[in-house]
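Data block for structure_37.txt (compact mmCIF, C-alpha atoms):
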```txt
# COMPACT_ATOMS: atom_id res chain seq x y z
CA MET A 139 -4.59 -28.73 -22.17
CA SER A 140 -0.80 -28.89 -21.98
CA ILE A 141 1.68 -26.04 -22.01
CA THR A 142 3.47 -25.88 -25.36
CA MET A 143 6.18 -23.67 -26.78
CA PRO A 144 4.93 -20.80 -29.00
CA ASN A 145 5.48 -21.31 -32.72
CA GLU A 146 7.59 -18.19 -33.16
CA VAL A 147 9.76 -17.13 -30.27
CA ALA A 148 13.27 -15.68 -30.14
CA THR A 149 15.90 -16.87 -27.69
CA GLU A 150 16.76 -13.29 -26.71
CA ASP A 151 13.13 -12.67 -25.70
CA LEU A 152 13.18 -15.80 -23.55
CA VAL A 153 16.42 -14.74 -21.88
CA ALA A 154 14.97 -11.31 -21.11
CA ALA A 155 11.93 -13.04 -19.59
CA MET A 156 14.25 -15.25 -17.49
CA LYS A 157 16.05 -12.25 -16.02
CA ARG A 158 12.76 -10.52 -15.21
CA LEU A 159 11.29 -13.68 -13.68
CA LEU A 160 14.33 -14.30 -11.47
CA LYS A 161 14.06 -10.78 -10.07
CA VAL A 162 10.31 -11.01 -9.52
CA SER A 163 10.71 -14.31 -7.68
CA ALA A 164 13.62 -12.99 -5.59
CA ARG A 165 11.54 -9.98 -4.54
CA MET A 166 8.66 -12.25 -3.53
CA TYR A 167 10.97 -14.00 -1.07
CA MET A 168 12.24 -10.61 0.09
CA HIS A 169 8.76 -9.29 0.89
CA LEU A 170 7.79 -12.49 2.70
CA ALA A 171 11.02 -12.37 4.73
CA LYS A 172 10.81 -8.66 5.59
CA THR A 173 7.16 -8.81 6.64
CA THR A 174 7.57 -11.99 8.68
CA ILE A 175 10.64 -10.75 10.54
CA THR A 176 9.13 -7.32 11.19
CA ARG A 177 6.03 -8.94 12.69
CA PHE A 178 7.55 -11.84 14.64
CA GLY A 179 11.15 -10.80 15.36
CA ARG A 180 13.56 -13.64 16.17
CA GLU A 181 10.79 -16.20 15.83
CA GLY A 182 10.14 -14.82 12.36
CA GLU A 183 13.82 -15.16 11.48
CA MET A 184 13.66 -18.87 12.30
CA THR A 185 10.49 -19.18 10.23
CA ILE A 186 12.27 -17.78 7.18
CA ARG A 187 15.25 -20.09 7.73
CA LEU A 188 12.93 -23.09 7.88
CA GLY A 189 11.24 -21.93 4.68
CA LEU A 190 14.60 -21.63 2.92
CA ARG A 191 15.60 -25.12 4.02
CA ALA A 192 12.27 -26.50 2.84
CA TYR A 193 12.75 -24.77 -0.51
CA GLY A 194 16.16 -26.37 -0.89
CA ALA A 195 14.84 -29.79 0.10
CA TRP A 196 11.98 -29.52 -2.40
CA ARG A 197 14.18 -28.48 -5.30
CA GLY A 198 16.93 -30.98 -4.50
CA SER A 199 14.41 -33.80 -4.30
CA GLU A 200 12.70 -32.83 -7.55
CA MET A 201 16.01 -32.56 -9.41
CA ARG A 202 17.15 -35.93 -8.05
CA GLN A 203 13.95 -37.57 -9.28
CA ALA A 204 14.15 -35.87 -12.69
CA HIS A 205 17.83 -36.65 -13.20
CA HIS A 206 17.35 -40.28 -12.15
CA ALA A 207 14.55 -40.59 -14.71
CA MET A 208 16.97 -39.19 -17.31
CA GLY A 209 19.50 -41.92 -16.47
CA LEU A 210 22.00 -39.55 -14.87
CA GLU A 211 24.20 -40.49 -11.94
CA ILE A 212 23.36 -38.44 -8.85
CA ASN A 213 26.49 -36.38 -8.21
CA MET A 214 27.53 -32.74 -7.99
CA LYS A 215 28.56 -32.42 -11.63
CA ASN A 216 25.14 -33.51 -12.85
CA LEU A 217 23.34 -31.42 -10.24
CA ILE A 218 24.88 -28.26 -11.68
CA GLY A 219 24.95 -29.45 -15.29
CA CYS A 220 21.18 -30.05 -15.16
CA TRP A 221 20.22 -27.27 -12.74
CA ASP A 222 16.52 -26.48 -12.61
CA ASN A 223 16.68 -22.69 -12.56
CA ALA A 224 17.38 -20.21 -15.36
CA SER A 225 20.18 -18.65 -13.32
CA THR A 226 22.74 -21.10 -14.72
CA TYR A 227 21.36 -20.78 -18.28
CA ILE A 228 21.97 -17.04 -18.23
CA VAL A 229 25.62 -17.41 -17.16
CA LYS A 230 26.38 -20.80 -18.73
CA ASP A 231 29.14 -19.48 -21.02
CA ALA A 232 31.02 -17.82 -18.14
CA MET A 233 30.59 -20.91 -15.97
CA GLU A 234 31.98 -23.20 -18.67
CA GLU A 235 35.03 -20.98 -19.26
CA GLY A 236 36.29 -20.74 -15.70
CA GLY A 237 34.83 -23.72 -13.86
CA THR A 238 35.94 -27.25 -13.07
CA TYR A 239 33.32 -29.96 -13.20
CA LEU A 240 34.05 -33.28 -11.55
CA PRO A 241 31.44 -35.66 -10.11
CA TYR A 242 32.67 -35.07 -6.55
CA ASP A 243 34.13 -31.57 -6.88
CA THR A 244 32.42 -28.94 -9.04
CA ARG A 245 33.59 -25.31 -8.76
CA PHE A 246 32.69 -22.15 -10.62
CA ASP A 247 32.26 -18.39 -10.24
CA VAL A 248 29.11 -16.35 -10.79
CA HIS A 249 29.59 -12.67 -11.60
CA TYR A 250 26.03 -11.88 -12.67
CA CYS A 251 22.94 -12.83 -10.69
CA PRO A 252 19.55 -11.16 -11.30
CA ALA A 253 18.36 -12.13 -7.80
CA ALA A 254 21.41 -10.48 -6.22
CA GLU A 255 20.79 -7.36 -8.31
CA ALA A 256 17.22 -7.14 -7.03
CA TRP A 257 18.31 -7.62 -3.42
CA GLN A 258 21.21 -5.17 -3.70
CA ASP A 259 18.89 -2.50 -5.10
CA ALA A 260 16.72 -2.95 -1.99
CA GLU A 261 19.73 -3.22 0.38
CA PHE A 262 18.51 -6.69 1.35
CA PHE A 263 22.03 -7.94 2.02
CA GLN A 264 21.79 -10.00 5.20
CA TRP A 265 18.79 -12.09 4.23
CA GLY A 266 19.93 -12.33 0.63
CA HIS A 267 23.12 -13.89 1.97
CA MET A 268 21.04 -16.06 4.31
CA TYR A 269 19.13 -17.32 1.29
CA CYS A 270 22.34 -18.43 -0.42
CA ASP A 271 23.67 -20.28 2.61
CA GLU A 272 20.47 -21.99 3.75
CA PHE A 273 18.95 -22.84 0.37
CA HIS A 274 21.99 -24.18 -1.45
CA GLN A 275 23.11 -26.47 1.37
CA ALA A 276 19.61 -27.90 1.83
CA CYS A 277 19.39 -28.45 -1.93
CA ALA A 278 22.74 -30.27 -2.13
CA ALA A 279 21.87 -32.56 0.78
CA ALA A 280 18.42 -33.37 -0.62
CA TYR A 281 19.92 -34.19 -4.00
CA HIS A 282 22.49 -36.55 -2.46
CA PRO A 283 22.79 -37.27 1.30
CA ASP A 284 26.55 -36.65 1.13
CA GLY A 285 26.24 -33.49 -0.96
CA ASN A 286 27.67 -30.26 0.38
CA VAL A 287 28.31 -26.74 -0.87
CA VAL A 288 30.72 -24.04 0.24
CA ILE A 289 30.31 -20.41 -0.86
CA PRO A 290 33.38 -18.56 0.45
CA GLN A 291 32.72 -15.51 -1.73
CA ASN A 292 29.26 -14.10 -2.17
CA LEU A 293 27.77 -11.07 -3.92
CA MET A 294 25.45 -10.52 -0.96
CA LYS A 295 28.47 -10.19 1.38
CA GLY A 296 29.98 -7.45 -0.79
CA ASP A 297 32.29 -9.62 -2.89
CA ASP A 298 32.44 -8.90 -6.61
CA HIS A 299 31.32 -12.44 -7.44
CA CYS A 300 30.06 -15.67 -5.91
CA HIS A 301 32.34 -18.70 -5.77
CA PHE A 302 30.62 -22.08 -5.44
CA GLN A 303 32.24 -25.35 -4.43
CA TRP A 304 29.82 -28.29 -4.70
CA ILE A 305 31.48 -31.33 -3.14
CA MET A 306 30.84 -34.87 -1.92
CA PRO A 307 33.23 -37.64 -0.80
CA PRO A 308 34.83 -39.46 -3.75
CA ASN A 309 33.91 -42.76 -2.10
CA ALA A 310 30.31 -41.78 -1.44
CA ALA A 311 28.02 -44.73 -1.97
CA PRO A 312 25.78 -44.50 -5.03
CA LEU A 313 22.15 -43.94 -4.25
CA PRO A 314 20.15 -47.19 -4.18
CA GLU A 315 18.79 -48.06 -7.59
CA SER A 316 15.04 -47.80 -7.93
CA ASP A 317 12.50 -47.23 -10.64
CA PRO A 318 11.99 -43.58 -11.58
CA THR A 319 8.98 -41.95 -9.96
CA SER A 320 6.07 -40.76 -12.06
CA LEU A 321 6.87 -37.20 -11.00
CA GLY A 322 10.49 -37.67 -11.99
CA LYS A 323 9.51 -38.91 -15.45
CA ARG A 324 7.25 -35.92 -15.97
CA LEU A 325 9.84 -33.42 -14.73
CA ALA A 326 12.54 -35.04 -16.87
CA ARG A 327 10.69 -33.99 -20.02
CA ASP A 328 11.37 -30.36 -19.12
CA TYR A 329 15.14 -30.92 -19.45
CA GLU A 330 15.09 -32.67 -22.84
CA ALA A 331 15.50 -29.99 -25.50
CA TYR A 332 15.93 -30.62 -29.21
CA SER A 333 17.00 -27.12 -30.23
CA PRO A 334 18.71 -24.11 -28.64
CA VAL A 335 15.48 -22.13 -28.49
CA GLU A 336 13.66 -25.05 -26.86
CA ALA A 337 16.43 -25.29 -24.26
CA ALA A 338 15.84 -21.64 -23.40
CA TRP A 339 12.07 -22.11 -23.29
CA LEU A 340 12.31 -25.14 -21.01
CA SER A 341 14.66 -23.26 -18.69
CA LEU A 342 12.09 -20.47 -18.44
CA LYS A 343 9.29 -22.97 -17.84
CA ARG A 344 11.20 -24.75 -15.06
CA SER A 345 11.97 -21.42 -13.41
CA ASN A 346 8.32 -20.41 -13.47
CA ARG A 347 7.47 -23.65 -11.67
CA LEU A 348 9.90 -22.68 -8.92
CA VAL A 349 7.96 -19.50 -8.17
CA GLY A 350 5.05 -21.67 -7.08
CA GLY A 351 7.18 -23.93 -4.91
CA ARG A 352 9.04 -21.01 -3.37
CA PHE A 353 5.82 -19.33 -2.30
CA TYR A 354 4.36 -22.56 -0.95
CA VAL A 355 7.25 -23.56 1.31
CA HIS A 356 7.51 -20.12 2.87
CA ALA A 357 3.77 -19.62 3.25
CA ARG A 358 3.40 -23.08 4.78
CA ALA A 359 6.16 -22.40 7.31
CA ILE A 360 4.65 -19.03 8.23
CA ILE A 361 1.17 -20.47 8.78
CA GLU A 362 2.41 -23.57 10.62
CA ARG A 363 4.44 -21.49 13.07
CA HIS A 364 2.22 -18.42 13.44
CA GLY A 365 -1.33 -19.52 12.64
CA GLU A 366 -3.89 -16.90 11.64
CA ALA A 367 -1.42 -14.10 12.35
CA GLY A 368 0.89 -15.78 9.85
CA ARG A 369 -1.83 -15.77 7.19
CA GLU A 370 -2.27 -12.03 7.77
CA VAL A 371 1.47 -11.55 7.29
CA ILE A 372 1.41 -13.49 4.02
CA LEU A 373 -1.39 -11.31 2.66
CA GLU A 374 0.47 -8.18 3.75
CA ALA A 375 3.64 -9.40 2.03
CA LEU A 376 1.76 -10.32 -1.15
CA LYS A 377 0.15 -6.89 -1.24
CA SER A 378 3.54 -5.21 -0.81
CA TRP A 379 5.07 -7.45 -3.48
CA GLY A 380 2.14 -6.82 -5.82
CA THR A 381 2.41 -3.06 -5.39
CA GLU A 382 6.10 -3.19 -6.20
CA ARG A 383 5.45 -5.39 -9.23
CA GLY A 384 2.89 -2.93 -10.57
CA LYS A 385 5.22 0.05 -10.13
CA PHE A 386 8.17 -1.74 -11.71
CA LEU A 387 6.04 -2.94 -14.63
CA ALA A 388 4.75 0.58 -15.26
CA LYS A 389 8.31 1.93 -15.16
CA GLU A 390 9.56 -0.75 -17.54
CA HIS A 391 6.72 -0.07 -19.97
CA ALA A 392 7.40 3.66 -19.88
CA GLU A 393 11.09 3.09 -20.60
CA ASN A 394 10.20 0.87 -23.57
CA GLY A 395 7.55 3.19 -25.00
CA ILE A 396 4.65 0.88 -24.11
CA ALA A 397 1.47 2.77 -23.28
CA PRO A 398 -0.06 1.63 -19.96
CA SER A 399 -3.33 -0.19 -20.61
CA ILE A 400 -5.17 -3.39 -19.81
CA GLU A 401 -3.81 -4.87 -23.02
CA SER A 402 -0.23 -3.98 -22.05
CA PHE A 403 -0.73 -5.40 -18.56
CA ILE A 404 -1.70 -8.73 -20.11
CA ARG A 405 0.62 -8.88 -23.13
CA ASP A 406 3.80 -7.50 -21.52
CA HIS A 407 3.43 -9.03 -18.07
CA ASP A 408 6.28 -9.33 -15.55
CA LEU A 409 5.78 -13.11 -15.29
CA PRO A 410 6.26 -15.04 -18.57
CA ALA A 411 2.56 -15.44 -19.34
CA ARG A 412 2.88 -15.20 -23.13
CA PHE A 413 5.66 -17.79 -23.20
CA VAL A 414 4.82 -20.54 -20.70
CA TRP A 415 1.26 -19.96 -19.44
CA ASN A 416 -1.73 -21.67 -20.96
CA HIS A 417 -4.23 -18.87 -20.59
CA LYS A 418 -6.98 -17.13 -22.51
CA ALA A 419 -7.66 -13.41 -22.45
CA SER A 420 -10.60 -11.40 -23.72
CA ALA A 421 -10.24 -7.66 -23.36
CA ASP A 422 -11.41 -4.25 -24.46
CA ALA A 423 -10.31 -0.79 -23.38
CA ALA A 424 -12.19 -0.91 -20.06
CA SER A 425 -12.21 -4.54 -18.93
CA ALA A 426 -10.65 -7.95 -19.40
CA VAL A 427 -10.87 -11.52 -18.23
CA ILE A 428 -7.72 -13.64 -18.04
CA GLU A 429 -8.63 -17.31 -17.73
CA ILE A 430 -5.77 -19.29 -16.14
CA VAL A 431 -6.01 -22.73 -17.77
CA ASP A 432 -2.61 -24.01 -16.63
CA THR A 433 0.74 -22.55 -15.63
CA PRO A 434 4.01 -24.00 -14.34
CA GLN A 435 3.40 -22.55 -10.88
CA ASP A 436 -0.09 -24.09 -10.80
CA GLN A 437 1.42 -27.44 -11.78
CA ALA A 438 3.78 -27.17 -8.80
CA TRP A 439 0.89 -26.38 -6.44
CA ALA A 440 -1.08 -29.34 -7.81
CA ASP A 441 1.88 -31.68 -7.27
CA LEU A 442 2.23 -30.36 -3.72
CA ASP A 443 -1.51 -30.67 -3.05
CA ALA A 444 -1.42 -26.95 -2.31
CA GLU A 445 -4.20 -25.45 -4.40
CA ASP A 446 -5.34 -23.37 -1.41
CA PHE A 447 -1.99 -21.61 -1.47
CA ALA A 448 -2.54 -20.86 -5.16
CA GLN A 449 -5.74 -19.00 -4.33
CA LEU A 450 -3.90 -17.05 -1.62
CA TRP A 451 -1.15 -16.10 -4.10
CA TYR A 452 -3.45 -14.87 -6.87
CA SER A 453 -5.94 -13.07 -4.64
CA GLY A 454 -3.22 -11.48 -2.50
CA ALA A 455 -0.92 -10.03 -5.16
CA TYR A 456 -2.96 -9.11 -8.24
CA PRO A 457 -5.34 -6.44 -6.85
CA ALA A 458 -2.37 -4.47 -5.49
CA MET A 459 -0.37 -5.01 -8.68
CA ALA A 460 -3.14 -3.74 -10.97
CA GLU A 461 -3.79 -0.67 -8.82
CA ALA A 462 -0.10 0.25 -8.76
CA TYR A 463 0.33 -0.33 -12.49
CA LEU A 464 -2.44 1.95 -13.74
CA GLU A 465 -4.62 4.38 -11.83
CA GLY A 466 -8.23 3.18 -11.77
CA LEU A 467 -7.34 -0.41 -12.71
CA THR A 468 -8.76 -3.07 -10.40
CA ALA A 469 -8.26 -6.83 -10.35
CA ASN A 470 -10.39 -9.55 -8.83
CA TRP A 471 -9.40 -13.20 -8.57
CA VAL A 472 -12.18 -15.73 -9.15
CA PRO A 473 -11.14 -19.21 -7.95
CA PRO A 474 -11.50 -22.23 -10.25
CA ARG A 475 -14.48 -24.57 -10.01
CA PRO A 476 -13.04 -27.97 -10.97
CA ALA A 477 -16.38 -29.76 -10.66
CA GLU A 478 -17.72 -27.45 -13.36
CA GLY A 479 -14.56 -27.54 -15.46
CA ALA A 480 -13.96 -23.83 -14.84
CA ALA A 481 -10.45 -22.42 -14.58
CA GLY A 482 -9.50 -19.61 -12.26
CA ARG A 483 -9.58 -16.15 -13.74
CA ILE A 484 -8.40 -12.61 -13.14
CA GLU A 485 -11.05 -9.98 -13.88
CA LEU A 486 -9.67 -6.55 -14.72
CA LYS A 487 -11.67 -3.33 -14.86
CA LEU A 488 -10.61 0.24 -15.57
CA SER A 489 -12.72 3.04 -14.15
```
Kindly transcribe the structure held in the file into structure tokens.
Amino acid sequence: MSITMPNEVATEDLVAAMKRLLKVSARMYMHLAKTTITRFGREGEMTIRLGLRAYGAWRGSEMRQAHHAMGLEINMKNLIGCWDNASTYIVKDAMEEGGTYLPYDTRFDVHYCPAAEAWQDAEFFQWGHMYCDEFHQACAAAYHPDGNVVIPQNLMKGDDHCHFQWIMPPNAAPLPESDPTSLGKRLARDYEAYSPVEAAWLSLKRSNRLVGGRFYVHARAIIERHGEAGREVILEALKSWGTERGKFLAKEHAENGIAPSIESFIRDHDLPARFVWNHKASADAASAVIEIVDTPQDQAWADLDAEDFAQLWYSGAYPAMAEAYLEGLTANWVPPRPAEGAAGRIELKLS
């Protein structure tokens, strides 16, 4: 079963979901970074840097494949013009007003960044700045070998905005022509919108995919460098992230007059489940089962042959999230059984 856009959805609801998703994803990185560095010190710092570089390489490679399948030339203008994340969708009007967009020299300012807001609230300045430097450069170089980015002003350094300069030599050789990859063709479909609301929905869907890739590259680096102790750190970070998610979701619901309940936990989730997840939920006042048929993050894990990391992600975060959201609420992750055609599911119970 494929993921399809809901019949009735408003652009403003999708934008609100984008902002929430970008903060949730940014905090996931923050908890992984904090826990890893606290446990492993300088070695942990290098682990996080390697994860950031891998994240940039993954996204740059995926965008290159998608853009090539769309018939776009691989240059800095098209990298930013067809960016994968919702961050540019949210600020696209401001970017268009003040930026310059040339194939070899694309420059613009960013005054609003949900990820930066989340990190600033947690005083996560140094490693928020480290994210910007490590990730963006790795992404530019993976997209085109001669790609480069300079960020002389940055919100995470205390500036009032970020200034990006995406550059490559004007005489850079075009990438060798080749047939689009099957992955590139599939990813390209998530850039091809036929209405403004579909453009917003696809941006949200692409961003949800990135949550899966972001977790995978960091978790892989942590386990590869630190073994079983690294796996323990990942579970600790997921528990911390899940607890924070539950508290923030409860606070958001209270501010919006939404009564805390199993139904609210499912319907008004912090990740965009009702917009871009293919899932089924059966619930009453005391229990619920959420069957995860397909999601953008699960698609990323499948493409990366990383289903084991998916199980780690679900089982590590959701019990803590449910407990922090509503007293007496528990969550249990039941892994999928592909041979039996069974999807993974989250079982919720309220005592």
Can you write out as a tab-separated table which residues of segment 244-352 of chain A fall within 10 Å of segment 198-211 of chain A, alongside each residue's closest atom pair and its distance in Å to one decimal, counting only C-alpha atoms and ordering rows by chain and ascending residue number?
```
residue	atom	partner	partner_atom	distance
A:Phe273	CA	A:Gly198	CA	9.7
A:His274	CA	A:Gly198	CA	9.0
A:Gln275	CA	A:Gly198	CA	9.6
A:Ala276	CA	A:Gly198	CA	7.5
A:Cys277	CA	A:Gly198	CA	4.4
A:Ala278	CA	A:Gly198	CA	6.3
A:Ala279	CA	A:Gly198	CA	7.4
A:Ala280	CA	A:Gly198	CA	4.8
A:Tyr281	CA	A:Gly198	CA	4.4
A:His282	CA	A:Arg202	CA	7.8
A:Pro312	CA	A:Glu211	CA	8.1
A:Leu313	CA	A:Glu211	CA	8.7
A:Glu315	CA	A:His206	CA	9.1
A:Ser316	CA	A:His206	CA	8.9
A:Asp317	CA	A:Ala207	CA	8.1
A:Pro318	CA	A:Ala207	CA	5.0
A:Thr319	CA	A:Gln203	CA	6.7
A:Ser320	CA	A:Ala207	CA	8.9
A:Leu321	CA	A:Gln203	CA	7.3
A:Gly322	CA	A:Ala204	CA	4.1
A:Lys323	CA	A:Ala207	CA	5.4
A:Arg324	CA	A:Ala204	CA	7.6
A:Leu325	CA	A:Ala204	CA	5.4
A:Ala326	CA	A:Ala204	CA	4.6
A:Arg327	CA	A:Ala204	CA	8.3
A:Asp328	CA	A:Ala204	CA	8.9
A:Tyr329	CA	A:Ala204	CA	8.4
A:Glu330	CA	A:Met208	CA	8.8
```
Exercise. Any idea what's packed within 10 Å of segment 345-355 of chain A, counting all atoms listed in the file, ignoring anything in its chain fewer than 2 positions away? Could you give it as a ChimeraX atom specification?
Worked result: /A:156,159-160,162-164,166-167,170,186,188-197,222-225,339-343,357-360,372,376,409-411,414-415,433-442,444-448,450-451
For this session: Would you work out the distance separating atom CA of Glu390 of chain A from atom CA of Met143 of chain A, expressed in Å to one decimal?
Result: 24.9 Å
For this session: Compile the contact shell of segment 392-408 of chain A as a PyMOL selection string: residues with an atom at most 10 Å away, counting all atoms listed in the file, same-chain residues fewer than 4 positions apart removed.
Result: chain A and resi 155+158-159+161-162+383-384+386-388+412+419-428+459-460+463-465+467+486-488
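Distance annotation: of A:Val153, A:Ala458, A:Val287, A:Ile212, the residue with the minimal separation from Ile228 of chain A is A:Val153; atom set is only C-alpha atoms.
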For this session: Using only C-alpha atoms, pick whichever of A:Lys230, A:His299, A:Lys385, A:Arg363 has the shortest atom-to-atom distance to Phe178 of chain A.
Result: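 Answer, going by the shortest atom-to-atom distance: A:Arg363.
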Problem set entry | Distance of atom CA of Ile484 of chain A from atom CA of Glu429 of chain A, expressed in Å to one decimal place | 6.6 Å
Exercise. Counting only C-alpha atoms, which residues come within 8 Å of (-4.5, -10.4, -6.3), with the point read in the file's coordinates, and could you list them as a ChimeraX atom specification?
Worked result: /A:377,380,451-459,469-471
